Every structure is written in structure tokens, then in C-alpha cells.
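Report on the structure given below.
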Amino acid sequence: MNDMPSYTPPKVWTWDKENGGRFASTNRPIAGATHDKELPVGEHPLQLYSLGTPNGVKVTIMLEELLALGHKGAEYDAWIIKIGDGDQFGSGFVEVNPNSKIPALLDRSVDKPIRVFESGSILFYLAEKFDAFLSKDPAKRTETMNWLFWQMGSAPYLGGGFGHFYAYAPERWEYPINRFAMETKRQLDVMERQLAENRYIAGDEYTIADIAIWSWYGQLAQGKLYDAGEFLDVASYKNVQRWTNEIAERKGVKRGRVVNRVRGEENEKLEERHSAADIDAMGL
């Protein structure tokens, strides 16, 4: 049954600022800064400006995994960007990411600081910089990049599609929830089949593809996104469950997933991170 009201689009779309939904106060059809605000800078080589969303978690997990390998140059400050308050539209943030989306990274270890934005680009940049979690073998490297780009292209259906209409839209409508639930489950089935033949998503090695995909689909499979685990029957994807549970036990993942989080139990969130001691104090 289609319970959505009928809608005839106008000839020219106009912006309704009161369009409803959880992010109505910050969504807008134009780019650029709305206010002057410089970004803070800490003492470490890498400065991360982010929030503990799935896209933000990708980067903090990557950084903690690098530190666990002994890469001291991966030390970082993680500053909170509260997207509900519009921090992403401050002039300093827009200079680092003109698209006003978290996460954004500034590498100050070089003479002229390098800005890196888009979570997939950040993962690739760090993998290249530290020669980690991305094979130099052409076939393995390409397979990893295949799956990294798969995640970047697929996540909007999960987050912007299913997550929005299931959890954030002002009303729940059957058609869009069914449409995006079907696509989300198709993507889970793509993973299920791949993981039936491989320990990790791109083969027998843990890579940036696992980090990117786990941050969205792994957490979804654990029932930690949108309170939708039962609705999507995530427990039925046995290979995905095996994969997500194994990755969840990694030290870098345990430490990285708490950074820049503002929701959850006290021992599961750390608004900002400026030294390893900040996470050590949480017993992780």
C-alpha cells in the first residue's frame, strides 16, 4: 500500500527552509561559509576535524590502526565538528573541505599543509603515506580499491536513503523505506557472497576497504545503526556476522570507534582526542 501523499513537482524548485526532518536547520542548497570561525590546531602532525558518524569512524579507526602498528607519525588531534550546530559551515572548516562534510584532515607534517577531504580519499592518503593496509601488488591493490569505491558509492543508499527515511524523516513512508531497505539488503547480500570466499572483503588481508565498509555495514550488521538490525534481519547474513565480529575485536577498531562520539554510554564516547592517554583512560 502506498501511503505517501501525492506530489506534483513545480516547474522550478525553490528552497523551503522549514522542510522538516532532523537536519532541516542545517541543510541548504548552497555551498560556502555561513560564519567566520577558525579551526583549532593541536600539537600533532595530523589534525582531524570530524564527528563519530560512520564516515568519521573510518578515519579514526585508520589512525588508531596505524598507531597500533607503531607509526608515530600518525599521532593526531581529533576535534569535534558538531554538524547539528552548523560547525561544518565555519570559514576555517570550509577552507579544509569546501563541501562542508566531515571528516576533514589537515596534514601539517609537511612544509605546506595538505588538506584531505572525503573519507575514502583520507583512507587512501594515509595508506599511501604510511605504506599500510594497501598492498603494492597490482591485483590485490586493485581489488582493495574496487571495494573501497563500492563502499563510497553504496553508502548513500544506506545512510542518505534507508537511514534517512527509516530514522530521520519527519514521517515514515512505506515506499521509500521499502525501496532503500531492498537496496540495503541487496548490498548486504553482495558482501555475504564475497565473504563466503574470503576472510576479509578484498581477500586474505585486512585493508582500507575493510575499514571503510565495517564503519557502515559492519556496525549495521551489529545492530548499531538506525536501530534497524531486526527490521533488516542482519543476523541472517552469517558471513557478514563472522567478518564484522572479528574486526570489532581489533584494538585499533575498539579505540577508533569511540573518538568524536557524542552519543552512547560514557565508556563508549570520547568527544575529542589529543593524545593516546585520552583513550587509554577508557581502558581500551
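How things are named: the first chain in the C-alpha cells is A, the next is B, and so on; residues count from 1 in each chain; ligands count from 1 in the order shown.
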
Open item on the list: I want to know what sits within 9 Å of A:Leu126, based on only C-alpha atoms, with residues of the same chain fewer than 5 positions away left out; could you give that as a list of chain:residue names?
Closed with: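 Those residues are A:Met62, A:Leu63, A:Leu66, A:Ala74, A:Ser121, A:Asp131, A:Ala132.
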
Keeping N, CA, C and O atoms, export the residues of the selection given above as a PDB file, in the first residue's frame.
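File written: again33.pdb
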ATOM      1  N   MET A  62      41.340   4.139  11.183  1.00  0.00           N
ATOM      2  CA  MET A  62      42.575   4.064  10.396  1.00  0.00           C
ATOM      3  C   MET A  62      43.755   4.625  11.174  1.00  0.00           C
ATOM      4  O   MET A  62      44.833   4.018  11.220  1.00  0.00           O
ATOM      5  N   LEU A  63      43.573   5.758  11.808  1.00  0.00           N
ATOM      6  CA  LEU A  63      44.666   6.370  12.566  1.00  0.00           C
ATOM      7  C   LEU A  63      45.078   5.506  13.748  1.00  0.00           C
ATOM      8  O   LEU A  63      46.277   5.334  14.015  1.00  0.00           O
ATOM      9  N   LEU A  66      47.049   2.546  12.506  1.00  0.00           N
ATOM     10  CA  LEU A  66      48.417   2.946  12.164  1.00  0.00           C
ATOM     11  C   LEU A  66      49.268   3.085  13.418  1.00  0.00           C
ATOM     12  O   LEU A  66      50.422   2.637  13.459  1.00  0.00           O
ATOM     13  N   ALA A  74      51.586   9.040  12.799  1.00  0.00           N
ATOM     14  CA  ALA A  74      50.135   9.060  12.673  1.00  0.00           C
ATOM     15  C   ALA A  74      49.454   9.660  13.907  1.00  0.00           C
ATOM     16  O   ALA A  74      48.222   9.644  14.002  1.00  0.00           O
ATOM     17  N   SER A 121      39.145   9.254   0.304  1.00  0.00           N
ATOM     18  CA  SER A 121      40.402   9.913  -0.059  1.00  0.00           C
ATOM     19  C   SER A 121      41.344   9.957   1.133  1.00  0.00           C
ATOM     20  O   SER A 121      42.561   9.758   0.985  1.00  0.00           O
ATOM     21  N   ASP A 131      52.329   3.502   4.024  1.00  0.00           N
ATOM     22  CA  ASP A 131      52.532   2.201   3.393  1.00  0.00           C
ATOM     23  C   ASP A 131      51.903   1.092   4.237  1.00  0.00           C
ATOM     24  O   ASP A 131      52.563   0.133   4.665  1.00  0.00           O
ATOM     25  N   ALA A 132      50.623   1.212   4.467  1.00  0.00           N
ATOM     26  CA  ALA A 132      49.911   0.257   5.330  1.00  0.00           C
ATOM     27  C   ALA A 132      48.481   0.036   4.841  1.00  0.00           C
ATOM     28  O   ALA A 132      47.832   0.967   4.350  1.00  0.00           O
TER      29      ALA A 132
END

- [ ] Could you find all residues in stretch 46-276 of chain A that DSSP calls strand (DSSP E or B) from the backbone, and write them as a PyMOL selection string?
- [x] chain A and resi 46-50+76-80+90+104-107+114-117+200+203+259+270+273

Serialized selection, C-alpha atoms, as a JSON list (two decimals), in the first residue's frame:
[["chain", "number", "residue", "atom", "x", "y", "z"],
["A", 46, "LEU", "CA", 47.70, 15.30, 11.75],
["A", 47, "GLN", "CA", 44.68, 17.44, 12.57],
["A", 48, "LEU", "CA", 41.29, 15.77, 12.17],
["A", 49, "TYR", "CA", 38.02, 17.69, 12.19],
["A", 50, "SER", "CA", 35.19, 15.24, 12.44],
["A", 76, "TYR", "CA", 46.67, 13.14, 15.70],
["A", 77, "ASP", "CA", 44.35, 15.62, 17.32],
["A", 78, "ALA", "CA", 40.66, 14.88, 16.73],
["A", 79, "TRP", "CA", 38.50, 17.99, 17.03],
["A", 80, "ILE", "CA", 34.72, 17.77, 17.25],
["A", 90, "GLY", "CA", 32.54, 27.80, 9.59],
["A", 104, "ALA", "CA", 38.35, 16.61, 7.01],
["A", 105, "LEU", "CA", 42.06, 16.15, 7.64],
["A", 106, "LEU", "CA", 44.94, 18.61, 7.62],
["A", 107, "ASP", "CA", 48.43, 17.12, 7.33],
["A", 114, "ILE", "CA", 47.91, 19.36, 2.79],
["A", 115, "ARG", "CA", 44.14, 19.26, 3.10],
["A", 116, "VAL", "CA", 42.40, 15.94, 2.56],
["A", 117, "PHE", "CA", 38.63, 15.56, 2.41],
["A", 200, "TYR", "CA", 38.34, -10.09, 4.51],
["A", 203, "GLY", "CA", 40.92, -11.20, 0.09],
["A", 259, "VAL", "CA", 36.67, 9.08, 19.07],
["A", 270, "LEU", "CA", 35.29, 10.49, 23.61],
["A", 273, "ARG", "CA", 41.18, 13.06, 21.31]]

Open item on the list: Can you tell me which residues surround A:Ala277 at a distance of at most 12 Å, considering only C-alpha atoms, apart from same-chain residues fewer than 6 positions away, and format the answer as a PyMOL selection string?
Closed with: chain A and resi 75+255+270+283-284

Task: Contact residues around A:Asp210 with only C-alpha atoms at 7 Å, ignoring same-chain residues under 4 positions, as a ChimeraX atom specification - done: /A:200-201,206,214

Written file, previous selection with C-alpha atoms, as an mmCIF file, in the first residue's frame:
data_model
loop_
_atom_site.group_PDB
_atom_site.id
_atom_site.type_symbol
_atom_site.label_atom_id
_atom_site.label_comp_id
_atom_site.auth_asym_id
_atom_site.auth_seq_id
_atom_site.Cartn_x
_atom_site.Cartn_y
_atom_site.Cartn_z
ATOM 1 C CA TYR A 200 38.345 -10.088 4.508
ATOM 2 C CA ILE A 201 36.428 -8.096 1.966
ATOM 3 C CA TYR A 206 42.867 -6.592 6.220
ATOM 4 C CA TRP A 214 32.959 -2.013 8.505
#

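By chain and then residue number, the residues within 10 Å of A:Leu148 are Gly120, Ser121, Leu123, Phe124, Thr142, Glu143, Thr144, Met145, Asn146, Trp150, Gln151, Met152, Gly153, Ser154, Ile201, Ala202, Thr207, Ile208, Ala209, Asp210, Ile211, Ala212 and Ile213 of chain A, counting only C-alpha atoms and disregarding those fewer than 2 positions away in sequence.
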
Task: Nearest residue to A:Ala181 from the set A:Asn27, A:Gly223, A:Phe231, A:Phe149 (distances using only C-alpha atoms) - done: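 Between A:Asn27, A:Gly223, A:Phe231, A:Phe149, the residue approaching A:Ala181 most closely is A:Phe231.
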
TODO: Find the residue from A:Gln222, A:Gly73, A:Arg108, A:Glu265 that sits nearest to A:Gly42; use only C-alpha atoms when measuring.
DONE: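 The closest residue to A:Gly42 is A:Arg108.
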
Open item on the list: as a PyMOL selection string, please: the residues near stretch 233-236 of chain A (cut-off 12 Å, only C-alpha atoms, same-chain neighbours under 2 positions excluded).
Closed with: chain A and resi 181-182+184-189+191-192+217-225+227-231+238-242+244-245

Selected residues written out, C-alpha atoms, as a CSV table (one decimal), in the first residue's frame:
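again-v3.csv, freshly written:
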chain,number,residue,atom,x,y,z
A,181,ALA,CA,15.6,-1.4,2.5
A,182,MET,CA,15.6,-3.6,-0.6
A,184,THR,CA,20.5,-2.2,1.6
A,185,LYS,CA,19.7,-5.9,1.8
A,186,ARG,CA,21.0,-6.4,-1.7
A,187,GLN,CA,24.3,-4.7,-0.7
A,188,LEU,CA,24.5,-7.0,2.4
A,189,ASP,CA,24.0,-9.9,0.1
A,191,MET,CA,29.0,-8.7,1.0
A,192,GLU,CA,27.7,-12.1,2.1
A,217,TYR,CA,27.9,-2.1,7.1
A,218,GLY,CA,29.7,-3.8,10.0
A,219,GLN,CA,28.1,-1.6,12.5
A,220,LEU,CA,24.7,-2.1,10.7
A,221,ALA,CA,25.2,-5.8,11.0
A,222,GLN,CA,25.8,-5.4,14.7
A,223,GLY,CA,22.5,-3.5,15.1
A,224,LYS,CA,24.3,-0.3,15.9
A,225,LEU,CA,22.9,1.9,13.1
A,227,ASP,CA,18.1,0.6,15.4
A,228,ALA,CA,17.3,-1.4,12.3
A,229,GLY,CA,19.0,-4.7,12.9
A,230,GLU,CA,15.8,-6.7,13.4
A,231,PHE,CA,14.0,-4.9,10.6
A,238,LYS,CA,26.3,-15.3,8.6
A,239,ASN,CA,29.5,-14.5,6.7
A,240,VAL,CA,29.0,-10.8,7.3
A,241,GLN,CA,28.4,-11.5,11.0
A,242,ARG,CA,31.7,-13.5,11.2
A,244,THR,CA,32.1,-7.8,11.5
A,245,ASN,CA,32.7,-9.6,14.8

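Candidate residues A:Pro10, A:Gly161, A:Pro45, A:Pro29 were compared for distance to A:Ser275, and the nearest is A:Pro45, using only C-alpha atoms.
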
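With distances taken over only C-alpha atoms, A:Arg22 is the one residue among A:Arg193, A:Arg22, A:Lys269, A:Arg141 lying closest to A:Ile83.
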
TODO: Rank A:Leu69, A:Val12, A:Ile30, A:Ile279 by their smallest atom-to-atom distance to A:Phe133, using only C-alpha atoms, and report the top residue only.
DONE: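 Of the candidates, the smallest distance to A:Phe133 is held by A:Leu69.
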
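Distance annotation: of A:Ala33, A:Ala196, A:Ser215, A:Glu272, the residue with the minimal separation from A:Asn97 is A:Ala33; atom set is only C-alpha atoms.
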
TODO: For atom CA of A:His164 and atom CA of A:Ile247, quote the distance in Å rounded to one decimal.
DONE: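 Distance between the two atoms: 26.3 Å.
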
Sorted per-residue table, stretch 46-145 of chain A near stretch 37-40 of chain A, closest atoms and distance, 7 Å, only C-alpha atoms, as CSV:
residue,atom,partner,partner_atom,distance
A:Gly90,CA,A:Lys37,CA,5.0
A:Ser91,CA,A:Lys37,CA,5.4
A:Gly92,CA,A:Glu38,CA,4.5
A:Phe93,CA,A:Leu39,CA,6.5

Those selected residues, please, written with N, CA, C and O atoms and delivered as a PDB file, in the first residue's frame.
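selection.pdb, freshly written:
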ATOM      1  N   GLY A  90      31.593  26.786   9.150  1.00  0.00           N
ATOM      2  CA  GLY A  90      32.537  27.804   9.587  1.00  0.00           C
ATOM      3  C   GLY A  90      33.605  28.013   8.534  1.00  0.00           C
ATOM      4  O   GLY A  90      33.974  27.099   7.791  1.00  0.00           O
ATOM      5  N   SER A  91      34.143  29.229   8.450  1.00  0.00           N
ATOM      6  CA  SER A  91      35.093  29.565   7.389  1.00  0.00           C
ATOM      7  C   SER A  91      36.335  28.676   7.416  1.00  0.00           C
ATOM      8  O   SER A  91      36.842  28.277   6.356  1.00  0.00           O
ATOM      9  N   GLY A  92      36.826  28.355   8.605  1.00  0.00           N
ATOM     10  CA  GLY A  92      38.007  27.516   8.699  1.00  0.00           C
ATOM     11  C   GLY A  92      37.764  26.122   8.169  1.00  0.00           C
ATOM     12  O   GLY A  92      38.610  25.550   7.455  1.00  0.00           O
ATOM     13  N   PHE A  93      36.612  25.547   8.501  1.00  0.00           N
ATOM     14  CA  PHE A  93      36.304  24.194   8.017  1.00  0.00           C
ATOM     15  C   PHE A  93      36.122  24.191   6.505  1.00  0.00           C
ATOM     16  O   PHE A  93      36.592  23.282   5.812  1.00  0.00           O
TER      17      PHE A  93
END

TODO: Can you list, as a ChimeraX atom specification, all residues belonging to stretch 186-277 of chain A that DSSP tags as helix (DSSP H, G or I)?
DONE: /A:186-197,208-221,234-236,238-248,251-256,266-268,276-277
